[in-house]
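The next block is data.txt, given as compact mmCIF, C-alpha atoms and all ligand atoms.
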# COMPACT_ATOMS: atom_id res chain seq x y z
CA MET A 77 154.52 1.06 -248.61
CA SER A 78 156.91 2.59 -246.06
CA ALA A 79 159.91 0.59 -244.82
CA LEU A 80 159.58 2.32 -241.45
CA PRO A 81 157.62 0.54 -238.69
CA ALA A 82 154.15 1.96 -238.01
CA ARG A 83 153.72 4.03 -234.85
CA ARG A 84 150.70 4.43 -232.58
CA ARG A 85 148.81 7.71 -232.38
CA ALA A 86 149.18 7.78 -228.61
CA ALA A 87 152.97 7.96 -228.94
CA SER A 88 152.80 11.45 -230.47
CA LEU A 89 149.75 12.89 -228.70
CA THR A 90 150.79 16.31 -227.41
CA GLU A 91 149.14 18.50 -224.78
CA MET A 92 150.17 22.00 -223.73
CA VAL A 93 148.80 24.47 -221.23
CA GLU A 94 149.46 28.23 -221.49
CA TYR A 95 148.60 30.89 -218.90
CA VAL A 96 147.34 34.04 -220.65
CA LEU A 97 149.43 37.01 -219.47
CA PRO A 98 149.05 40.72 -220.42
CA GLN A 99 151.73 40.43 -223.14
CA HIS A 100 149.58 37.80 -224.94
CA ALA A 101 146.51 40.05 -225.08
CA ASN A 102 145.04 42.95 -227.05
CA VAL A 103 143.66 46.16 -225.50
CA ALA A 104 140.34 44.39 -224.84
CA GLY A 105 142.19 41.92 -222.59
CA THR A 106 141.62 38.88 -224.80
CA VAL A 107 144.41 36.78 -226.23
CA PHE A 108 145.66 37.71 -229.74
CA GLY A 109 144.53 35.30 -232.49
CA GLY A 110 148.13 35.23 -233.75
CA GLN A 111 149.35 34.17 -230.30
CA ILE A 112 146.95 31.22 -230.26
CA MET A 113 148.06 30.31 -233.80
CA ALA A 114 151.70 30.33 -232.65
CA TRP A 115 150.82 27.95 -229.79
CA VAL A 116 148.86 25.76 -232.25
CA ASP A 117 151.92 25.61 -234.54
CA LEU A 118 154.22 24.71 -231.61
CA CYS A 119 151.92 22.00 -230.24
CA ALA A 120 151.48 20.44 -233.70
CA ALA A 121 155.24 20.65 -234.38
CA ILE A 122 156.00 18.70 -231.20
CA CYS A 123 153.38 16.09 -232.20
CA ALA A 124 154.85 15.81 -235.73
CA GLN A 125 158.42 15.49 -234.47
CA ARG A 126 157.45 12.91 -231.85
CA HIS A 127 155.96 10.80 -234.64
CA ALA A 128 158.59 11.40 -237.33
CA GLY A 129 161.66 11.40 -235.09
CA ARG A 130 162.94 14.24 -237.29
CA PRO A 131 162.70 18.02 -237.49
CA CYS A 132 159.42 18.99 -239.20
CA VAL A 133 158.18 22.17 -240.89
CA THR A 134 154.67 23.56 -241.31
CA ALA A 135 153.48 23.07 -244.90
CA PHE A 136 149.79 23.99 -244.71
CA VAL A 137 147.23 25.31 -242.23
CA ASP A 138 143.55 24.72 -243.00
CA ASP A 139 140.79 27.21 -242.15
CA ILE A 140 140.76 28.30 -238.52
CA LEU A 141 137.57 29.34 -236.73
CA PHE A 142 137.88 31.26 -233.46
CA LYS A 143 134.79 30.29 -231.46
CA ARG A 144 135.12 32.13 -228.15
CA PRO A 145 137.89 34.30 -226.66
CA VAL A 146 140.17 33.62 -223.71
CA ARG A 147 140.97 36.49 -221.33
CA VAL A 148 144.07 37.52 -219.37
CA GLY A 149 144.28 35.34 -216.26
CA GLN A 150 142.57 32.42 -217.95
CA VAL A 151 144.25 29.37 -219.45
CA VAL A 152 144.61 28.01 -222.99
CA ARG A 153 144.76 24.20 -223.31
CA LEU A 154 145.99 22.69 -226.58
CA ARG A 155 145.83 19.08 -227.76
CA ALA A 156 147.51 17.92 -230.98
CA GLU A 157 146.66 14.52 -232.43
CA LEU A 158 148.03 12.80 -235.53
CA ILE A 159 145.18 12.04 -237.95
CA ALA A 160 146.99 10.62 -240.97
CA THR A 161 150.40 10.07 -242.50
CA PHE A 162 151.43 10.22 -246.14
CA ARG A 163 154.94 9.69 -247.55
CA THR A 164 156.82 12.62 -245.99
CA SER A 165 153.90 14.61 -244.57
CA MET A 166 151.46 14.25 -241.68
CA GLU A 167 148.02 15.72 -240.99
CA ILE A 168 147.48 16.84 -237.41
CA ASP A 169 144.35 18.14 -235.66
CA VAL A 170 144.77 20.67 -232.87
CA SER A 171 141.91 21.46 -230.52
CA VAL A 172 142.12 24.48 -228.26
CA THR A 173 140.06 24.94 -225.10
CA GLY A 174 139.75 27.93 -222.81
CA GLU A 175 139.72 27.34 -219.07
CA ASP A 176 138.90 29.53 -216.09
CA THR A 177 140.90 27.96 -213.29
CA LEU A 178 138.89 29.82 -210.63
CA THR A 179 135.50 28.46 -211.68
CA GLY A 180 136.59 25.28 -213.51
CA GLU A 181 134.63 26.34 -216.62
CA GLN A 182 136.03 25.10 -219.94
CA TRP A 183 134.94 26.06 -223.46
CA PRO A 184 135.94 25.24 -227.06
CA THR A 185 138.06 28.08 -228.48
CA LEU A 186 139.45 26.88 -231.79
CA GLU A 187 139.93 23.84 -234.04
CA ALA A 188 142.81 23.74 -236.52
CA ARG A 189 144.15 21.19 -238.96
CA VAL A 190 147.77 21.44 -240.06
CA VAL A 191 150.18 19.56 -242.31
CA PHE A 192 153.82 19.08 -241.33
CA VAL A 193 156.65 17.71 -243.48
CA ALA A 194 159.61 15.82 -242.00
CA MET A 195 163.10 16.97 -243.01
CA ASP A 196 166.28 14.97 -243.53
CA ASP A 197 169.77 16.20 -242.66
CA ASP A 198 169.96 18.11 -246.00
CA ARG A 199 166.60 19.86 -245.29
CA LYS A 200 164.85 17.73 -247.93
CA PRO A 201 161.48 15.99 -247.28
CA ALA A 202 162.08 12.65 -245.54
CA PRO A 203 159.78 9.60 -245.23
CA VAL A 204 157.77 9.33 -242.01
CA PRO A 205 156.66 6.14 -240.25
CA PRO A 206 153.06 5.24 -241.13
CA LEU A 207 150.42 5.77 -238.48
CA LEU A 208 149.21 2.46 -237.07
CA LEU A 209 145.55 2.22 -238.12
CA GLU A 210 143.86 0.09 -235.45
CA THR A 211 140.11 0.67 -235.88
CA PRO A 212 137.64 1.18 -238.75
CA GLU A 213 137.42 4.81 -237.58
CA ASP A 214 141.22 5.15 -238.02
CA HIS A 215 140.93 3.85 -241.60
CA ARG A 216 138.05 6.25 -242.35
CA ALA A 217 140.07 9.17 -240.95
CA GLN A 218 143.08 8.25 -243.11
CA ALA A 219 140.86 7.99 -246.22
CA ALA A 220 139.22 11.37 -245.52
CA ALA A 221 142.66 12.92 -245.01
CA GLU A 222 143.81 11.51 -248.38
CA GLU A 223 140.95 13.47 -250.02
CA ARG A 224 141.89 16.69 -248.18
CA ARG A 225 145.53 16.15 -249.22
CA LYS A 226 144.50 16.02 -252.90
CA ALA A 227 142.53 19.27 -252.51
CA ARG A 228 145.47 21.02 -250.81
CA LEU A 229 147.96 19.91 -253.45
CA ALA A 230 145.59 21.07 -256.20
CA LYS A 231 145.92 24.62 -254.78
CA ARG A 232 149.71 24.71 -255.29
C1 LIG U 1 156.72 22.12 -247.25
C2 LIG U 1 157.92 21.94 -248.18
C3 LIG U 1 159.01 21.21 -247.41
C4 LIG U 1 157.48 21.08 -249.36
O1 LIG U 1 158.57 20.99 -250.19
P1 LIG U 1 158.45 20.59 -251.75
O2 LIG U 1 159.69 20.95 -252.41
O3 LIG U 1 157.15 21.10 -252.28
O4 LIG U 1 158.52 19.05 -251.65
P2 LIG U 1 157.57 17.94 -252.25
O5 LIG U 1 156.80 18.39 -253.45
O6 LIG U 1 158.45 16.75 -252.37
O7 LIG U 1 156.52 17.73 -251.07
C5 LIG U 1 156.95 17.22 -249.83
C6 LIG U 1 155.73 16.92 -249.02
O8 LIG U 1 155.06 18.14 -248.72
C7 LIG U 1 153.70 18.00 -249.06
N1 LIG U 1 153.20 19.31 -249.42
C8 LIG U 1 153.80 20.20 -250.21
N2 LIG U 1 153.01 21.29 -250.34
C9 LIG U 1 151.91 21.06 -249.61
C10 LIG U 1 150.72 21.79 -249.35
N3 LIG U 1 150.52 23.00 -249.87
N4 LIG U 1 149.79 21.24 -248.54
C11 LIG U 1 149.97 20.01 -248.01
N5 LIG U 1 151.09 19.27 -248.22
C12 LIG U 1 152.03 19.79 -249.01
C13 LIG U 1 153.68 17.04 -250.22
O9 LIG U 1 152.42 16.42 -250.39
C14 LIG U 1 154.73 16.06 -249.78
O10 LIG U 1 154.17 15.16 -248.84
P3 LIG U 1 154.06 13.57 -249.17
O11 LIG U 1 155.47 13.11 -249.46
O12 LIG U 1 153.56 12.99 -247.91
O13 LIG U 1 153.14 13.46 -250.33
C15 LIG U 1 158.46 23.30 -248.72
O14 LIG U 1 157.45 23.93 -249.50
C16 LIG U 1 158.88 24.24 -247.61
O15 LIG U 1 159.99 24.14 -247.09
N6 LIG U 1 158.01 25.20 -247.26
C17 LIG U 1 158.31 26.14 -246.18
C18 LIG U 1 158.07 25.49 -244.83
C19 LIG U 1 158.22 26.52 -243.74
O16 LIG U 1 159.13 27.34 -243.79
N7 LIG U 1 157.30 26.48 -242.76
C20 LIG U 1 157.23 27.48 -241.75
C21 LIG U 1 158.33 27.42 -240.79
S1 LIG U 1 158.40 25.88 -239.93
Written as structure tokens, that's how I'd like the structure from this file.
Ligand SMILES: CC(C)(COP(=O)(O)OP(=O)(O)OC[C@H]1O[C@@H](n2cnc3c(N)ncnc32)[C@H](O)[C@@H]1OP(=O)(O)O)[C@@H](O)C(=O)NCCC(=O)NCCS
Amino acid sequence: MSALPARRRAASLTEMVEYVLPQHANVAGTVFGGQIMAWVDLCAAICAQRHAGRPCVTAFVDDILFKRPVRVGQVVRLRAELIATFRTSMEIDVSVTGEDTLTGEQWPTLEARVVFVAMDDDRKPAPVPPLLLETPEDHRAQAAAEERRKARLAKR
């Protein structure tokens, strides 16, 4: 049981919008996968640090599926949401949507799940506040994340 007070999910919810410029794209004019992954990492890091109140590092990135590309001149929208907390680590979901600002069309581009670890002043893992679990769905999500955590740690 953590001594830190629980924090609401809404307090760390993080949204970012990126305009795709030529330097973000390959020769086909679609955004590099690595560029989207960098934005995913940034968005999740902000979410983790908002929750933990400490610097956080990326510990694990689950499988990433690129569903549909985003082109130069279109927009990438990212949304990072805390799913579960453990002792010093947090599981965060990031959803990425493409948007054409001229037509208003939006489409799912990518879903990613990442684990961040909070760091103390000596760069050692530090306890994080628990996520406030308010609904049965929140409790189910935490329990499912516990199972994924076991599977990730088994791969070490
Ligand atoms: C992530 C890191 C801090 C873990 O350090 P460690 O010495 O293994 O520390 P611990 O064993 O005490 O684990 C600390 C936390 O990380 C979690 N963790 C470690 N490896 C993990 C993995 N592969 N997947 C998920 N969580 C992991 C542990 O479960 C623990 O969380 P918990 O306290 O909530 O259970 C360390 O491996 C590291 O610094 N990695 C590099 C991070 C980095 O440079 N990221 C990219 C730049 S930001």
Produce the centre coordinates and the three edge lengths, each in Å to one decimal, of the box along x, y and z that contains all listed atoms of ligand LIG 1 (chain U) with 4 Å added on each side, as JSON.
{"center_x": 154.9, "center_y": 20.2, "center_z": -246.7, "size_x": 18.2, "size_y": 22.5, "size_z": 21.5}
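If only C-alpha atoms and all ligand atoms are the atoms counted, then among A:Ala87, A:Val96, A:Val204, A:Ala135 the closest residue to ligand LIG 1 (chain U) is A:Ala135.
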Check your understanding: To one decimal place, how far is atom CA of Ile112 of chain A from atom CA of Leu207 of chain A in Å?
Key ->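 Interatomic distance here is 27.0 Å.
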Point to revise | 10 Å shell around ligand LIG 1 (chain U) using all atoms listed in the file, listed as JSON, numbers by chain | key: {"A": [117, 118, 121, 131, 132, 133, 134, 135, 136, 137, 138, 160, 161, 162, 163, 164, 165, 166, 167, 190, 191, 192, 193, 194, 195, 199, 200, 201, 202, 203, 204, 222, 224, 225, 226, 227, 228, 229, 230, 231, 232]}
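A straight line drawn from atom CA of Arg155 of chain A to atom CA of Gly129 of chain A is 19.1 Å long.
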Check your understanding: Which residue gives the smallest distance to Ala217 of chain A among A:Asp169, A:Asp176, A:Glu91, A:Asp139, with only C-alpha atoms counted?
Key -> A:Asp169
Practice item. Determine the nearest neighbour of Trp115 of chain A from the options A:Asp198, A:Pro145, A:Arg130, A:Tyr95, counting only C-alpha atoms. Key: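 Ranked by minimum distance to Trp115 of chain A, first place goes to A:Tyr95.
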**Study point:** Point-to-point distance in Å for atom CA of Ala82 of chain A and atom CA of Ala188 of chain A
**Key:** 24.6 Å
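If all atoms listed in the file are the atoms counted, then among A:Val152, A:Met92, A:Ala124, A:Ala79 the closest residue to Phe108 of chain A is A:Val152.
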**Study point:** Long-range neighbours of Pro184 of chain A as a PyMOL selection string, 7 Å cut-off, only C-alpha atoms, 3 positions minimum in chain
**Key:** chain A and resi 143+172-174
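With all atoms listed in the file as the atoms that count, the minimum distance from Gln150 of chain A to the choices A:Pro212, A:Gly180, A:Pro81, A:Pro205 is reached by A:Gly180.
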Point to revise | Protein, DNA and RNA residues within 10 Å of (147.3, -3.1, -234.6), only C-alpha atoms, as an MDAnalysis selection string | key: chainID A and resid 82:84 208:211
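Nearest-residue note for Ile122 of chain A: choosing from A:Arg144, A:Glu157, A:Gln99, A:Glu94, the minimum distance belongs to A:Glu157, counting all atoms listed in the file.
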Any chance you could build segment 85-119 of chain A out to N, CA and C atoms and write it as a PDB file, keeping the file's coordinate frame?
ATOM      1  N   ARG A  85     149.194   6.301-232.552  1.00  0.00           N
ATOM      2  CA  ARG A  85     148.810   7.710-232.380  1.00  0.00           C
ATOM      3  C   ARG A  85     149.164   8.208-230.977  1.00  0.00           C
ATOM      4  N   ALA A  86     148.968   7.349-230.004  1.00  0.00           N
ATOM      5  CA  ALA A  86     149.180   7.780-228.610  1.00  0.00           C
ATOM      6  C   ALA A  86     150.623   8.207-228.367  1.00  0.00           C
ATOM      7  N   ALA A  87     151.552   7.665-229.169  1.00  0.00           N
ATOM      8  CA  ALA A  87     152.970   7.960-228.940  1.00  0.00           C
ATOM      9  C   ALA A  87     153.314   9.415-229.263  1.00  0.00           C
ATOM     10  N   SER A  88     152.488  10.057-230.081  1.00  0.00           N
ATOM     11  CA  SER A  88     152.800  11.450-230.470  1.00  0.00           C
ATOM     12  C   SER A  88     151.790  12.465-229.942  1.00  0.00           C
ATOM     13  N   LEU A  89     150.767  11.981-229.257  1.00  0.00           N
ATOM     14  CA  LEU A  89     149.750  12.890-228.700  1.00  0.00           C
ATOM     15  C   LEU A  89     150.439  13.956-227.847  1.00  0.00           C
ATOM     16  N   THR A  90     150.084  15.216-228.094  1.00  0.00           N
ATOM     17  CA  THR A  90     150.790  16.310-227.410  1.00  0.00           C
ATOM     18  C   THR A  90     149.795  17.261-226.763  1.00  0.00           C
ATOM     19  N   GLU A  91     150.013  17.559-225.485  1.00  0.00           N
ATOM     20  CA  GLU A  91     149.140  18.500-224.780  1.00  0.00           C
ATOM     21  C   GLU A  91     149.991  19.617-224.179  1.00  0.00           C
ATOM     22  N   MET A  92     149.474  20.831-224.285  1.00  0.00           N
ATOM     23  CA  MET A  92     150.170  22.000-223.730  1.00  0.00           C
ATOM     24  C   MET A  92     149.152  22.851-222.979  1.00  0.00           C
ATOM     25  N   VAL A  93     149.644  23.528-221.966  1.00  0.00           N
ATOM     26  CA  VAL A  93     148.800  24.470-221.230  1.00  0.00           C
ATOM     27  C   VAL A  93     149.539  25.802-221.171  1.00  0.00           C
ATOM     28  N   GLU A  94     148.856  26.893-221.525  1.00  0.00           N
ATOM     29  CA  GLU A  94     149.460  28.230-221.490  1.00  0.00           C
ATOM     30  C   GLU A  94     148.612  29.146-220.621  1.00  0.00           C
ATOM     31  N   TYR A  95     149.280  29.902-219.749  1.00  0.00           N
ATOM     32  CA  TYR A  95     148.600  30.890-218.900  1.00  0.00           C
ATOM     33  C   TYR A  95     148.590  32.214-219.653  1.00  0.00           C
ATOM     34  N   VAL A  96     147.422  32.796-219.860  1.00  0.00           N
ATOM     35  CA  VAL A  96     147.340  34.040-220.650  1.00  0.00           C
ATOM     36  C   VAL A  96     147.760  35.224-219.778  1.00  0.00           C
ATOM     37  N   LEU A  97     148.870  35.862-220.182  1.00  0.00           N
ATOM     38  CA  LEU A  97     149.430  37.010-219.470  1.00  0.00           C
ATOM     39  C   LEU A  97     149.159  38.284-220.283  1.00  0.00           C
ATOM     40  N   PRO A  98     149.348  39.472-219.690  1.00  0.00           N
ATOM     41  CA  PRO A  98     149.050  40.720-220.420  1.00  0.00           C
ATOM     42  C   PRO A  98     149.773  40.820-221.761  1.00  0.00           C
ATOM     43  N   GLN A  99     151.000  40.307-221.857  1.00  0.00           N
ATOM     44  CA  GLN A  99     151.730  40.430-223.140  1.00  0.00           C
ATOM     45  C   GLN A  99     151.143  39.567-224.257  1.00  0.00           C
ATOM     46  N   HIS A 100     150.238  38.640-223.926  1.00  0.00           N
ATOM     47  CA  HIS A 100     149.580  37.800-224.940  1.00  0.00           C
ATOM     48  C   HIS A 100     148.287  38.420-225.453  1.00  0.00           C
ATOM     49  N   ALA A 101     147.873  39.567-224.857  1.00  0.00           N
ATOM     50  CA  ALA A 101     146.510  40.050-225.080  1.00  0.00           C
ATOM     51  C   ALA A 101     146.453  41.389-225.802  1.00  0.00           C
ATOM     52  N   ASN A 102     145.296  41.655-226.415  1.00  0.00           N
ATOM     53  CA  ASN A 102     145.040  42.950-227.050  1.00  0.00           C
ATOM     54  C   ASN A 102     144.478  43.921-226.007  1.00  0.00           C
ATOM     55  N   VAL A 103     144.111  45.142-226.468  1.00  0.00           N
ATOM     56  CA  VAL A 103     143.660  46.160-225.500  1.00  0.00           C
ATOM     57  C   VAL A 103     142.334  45.776-224.842  1.00  0.00           C
ATOM     58  N   ALA A 104     141.606  44.842-225.450  1.00  0.00           N
ATOM     59  CA  ALA A 104     140.340  44.390-224.840  1.00  0.00           C
ATOM     60  C   ALA A 104     140.585  43.309-223.791  1.00  0.00           C
ATOM     61  N   GLY A 105     141.873  42.907-223.627  1.00  0.00           N
ATOM     62  CA  GLY A 105     142.190  41.920-222.590  1.00  0.00           C
ATOM     63  C   GLY A 105     141.963  40.489-223.009  1.00  0.00           C
ATOM     64  N   THR A 106     141.773  40.250-224.323  1.00  0.00           N
ATOM     65  CA  THR A 106     141.620  38.880-224.800  1.00  0.00           C
ATOM     66  C   THR A 106     142.845  38.498-225.625  1.00  0.00           C
ATOM     67  N   VAL A 107     143.153  37.229-225.613  1.00  0.00           N
ATOM     68  CA  VAL A 107     144.410  36.780-226.230  1.00  0.00           C
ATOM     69  C   VAL A 107     144.384  37.024-227.745  1.00  0.00           C
ATOM     70  N   PHE A 108     145.526  37.494-228.293  1.00  0.00           N
ATOM     71  CA  PHE A 108     145.660  37.710-229.740  1.00  0.00           C
ATOM     72  C   PHE A 108     145.429  36.407-230.498  1.00  0.00           C
ATOM     73  N   GLY A 109     144.703  36.476-231.632  1.00  0.00           N
ATOM     74  CA  GLY A 109     144.530  35.300-232.490  1.00  0.00           C
ATOM     75  C   GLY A 109     145.875  34.752-232.942  1.00  0.00           C
ATOM     76  N   GLY A 110     146.799  35.663-233.274  1.00  0.00           N
ATOM     77  CA  GLY A 110     148.130  35.230-233.750  1.00  0.00           C
ATOM     78  C   GLY A 110     148.905  34.487-232.673  1.00  0.00           C
ATOM     79  N   GLN A 111     148.672  34.867-231.402  1.00  0.00           N
ATOM     80  CA  GLN A 111     149.350  34.170-230.300  1.00  0.00           C
ATOM     81  C   GLN A 111     148.827  32.737-230.192  1.00  0.00           C
ATOM     82  N   ILE A 112     147.509  32.581-230.323  1.00  0.00           N
ATOM     83  CA  ILE A 112     146.950  31.220-230.260  1.00  0.00           C
ATOM     84  C   ILE A 112     147.461  30.405-231.451  1.00  0.00           C
ATOM     85  N   MET A 113     147.552  31.038-232.628  1.00  0.00           N
ATOM     86  CA  MET A 113     148.060  30.310-233.800  1.00  0.00           C
ATOM     87  C   MET A 113     149.507  29.877-233.589  1.00  0.00           C
ATOM     88  N   ALA A 114     150.305  30.715-232.937  1.00  0.00           N
ATOM     89  CA  ALA A 114     151.700  30.330-232.650  1.00  0.00           C
ATOM     90  C   ALA A 114     151.736  29.116-231.724  1.00  0.00           C
ATOM     91  N   TRP A 115     150.866  29.108-230.703  1.00  0.00           N
ATOM     92  CA  TRP A 115     150.820  27.950-229.790  1.00  0.00           C
ATOM     93  C   TRP A 115     150.338  26.702-230.536  1.00  0.00           C
ATOM     94  N   VAL A 116     149.355  26.884-231.446  1.00  0.00           N
ATOM     95  CA  VAL A 116     148.860  25.760-232.250  1.00  0.00           C
ATOM     96  C   VAL A 116     150.019  25.166-233.060  1.00  0.00           C
ATOM     97  N   ASP A 117     150.802  26.044-233.699  1.00  0.00           N
ATOM     98  CA  ASP A 117     151.920  25.610-234.540  1.00  0.00           C
ATOM     99  C   ASP A 117     152.954  24.836-233.695  1.00  0.00           C
ATOM    100  N   LEU A 118     153.245  25.362-232.497  1.00  0.00           N
ATOM    101  CA  LEU A 118     154.220  24.710-231.610  1.00  0.00           C
ATOM    102  C   LEU A 118     153.742  23.331-231.169  1.00  0.00           C
ATOM    103  N   CYS A 119     152.480  23.262-230.748  1.00  0.00           N
ATOM    104  CA  CYS A 119     151.920  22.000-230.240  1.00  0.00           C
ATOM    105  C   CYS A 119     151.923  20.955-231.345  1.00  0.00           C
TER     106      CYS A 119
END
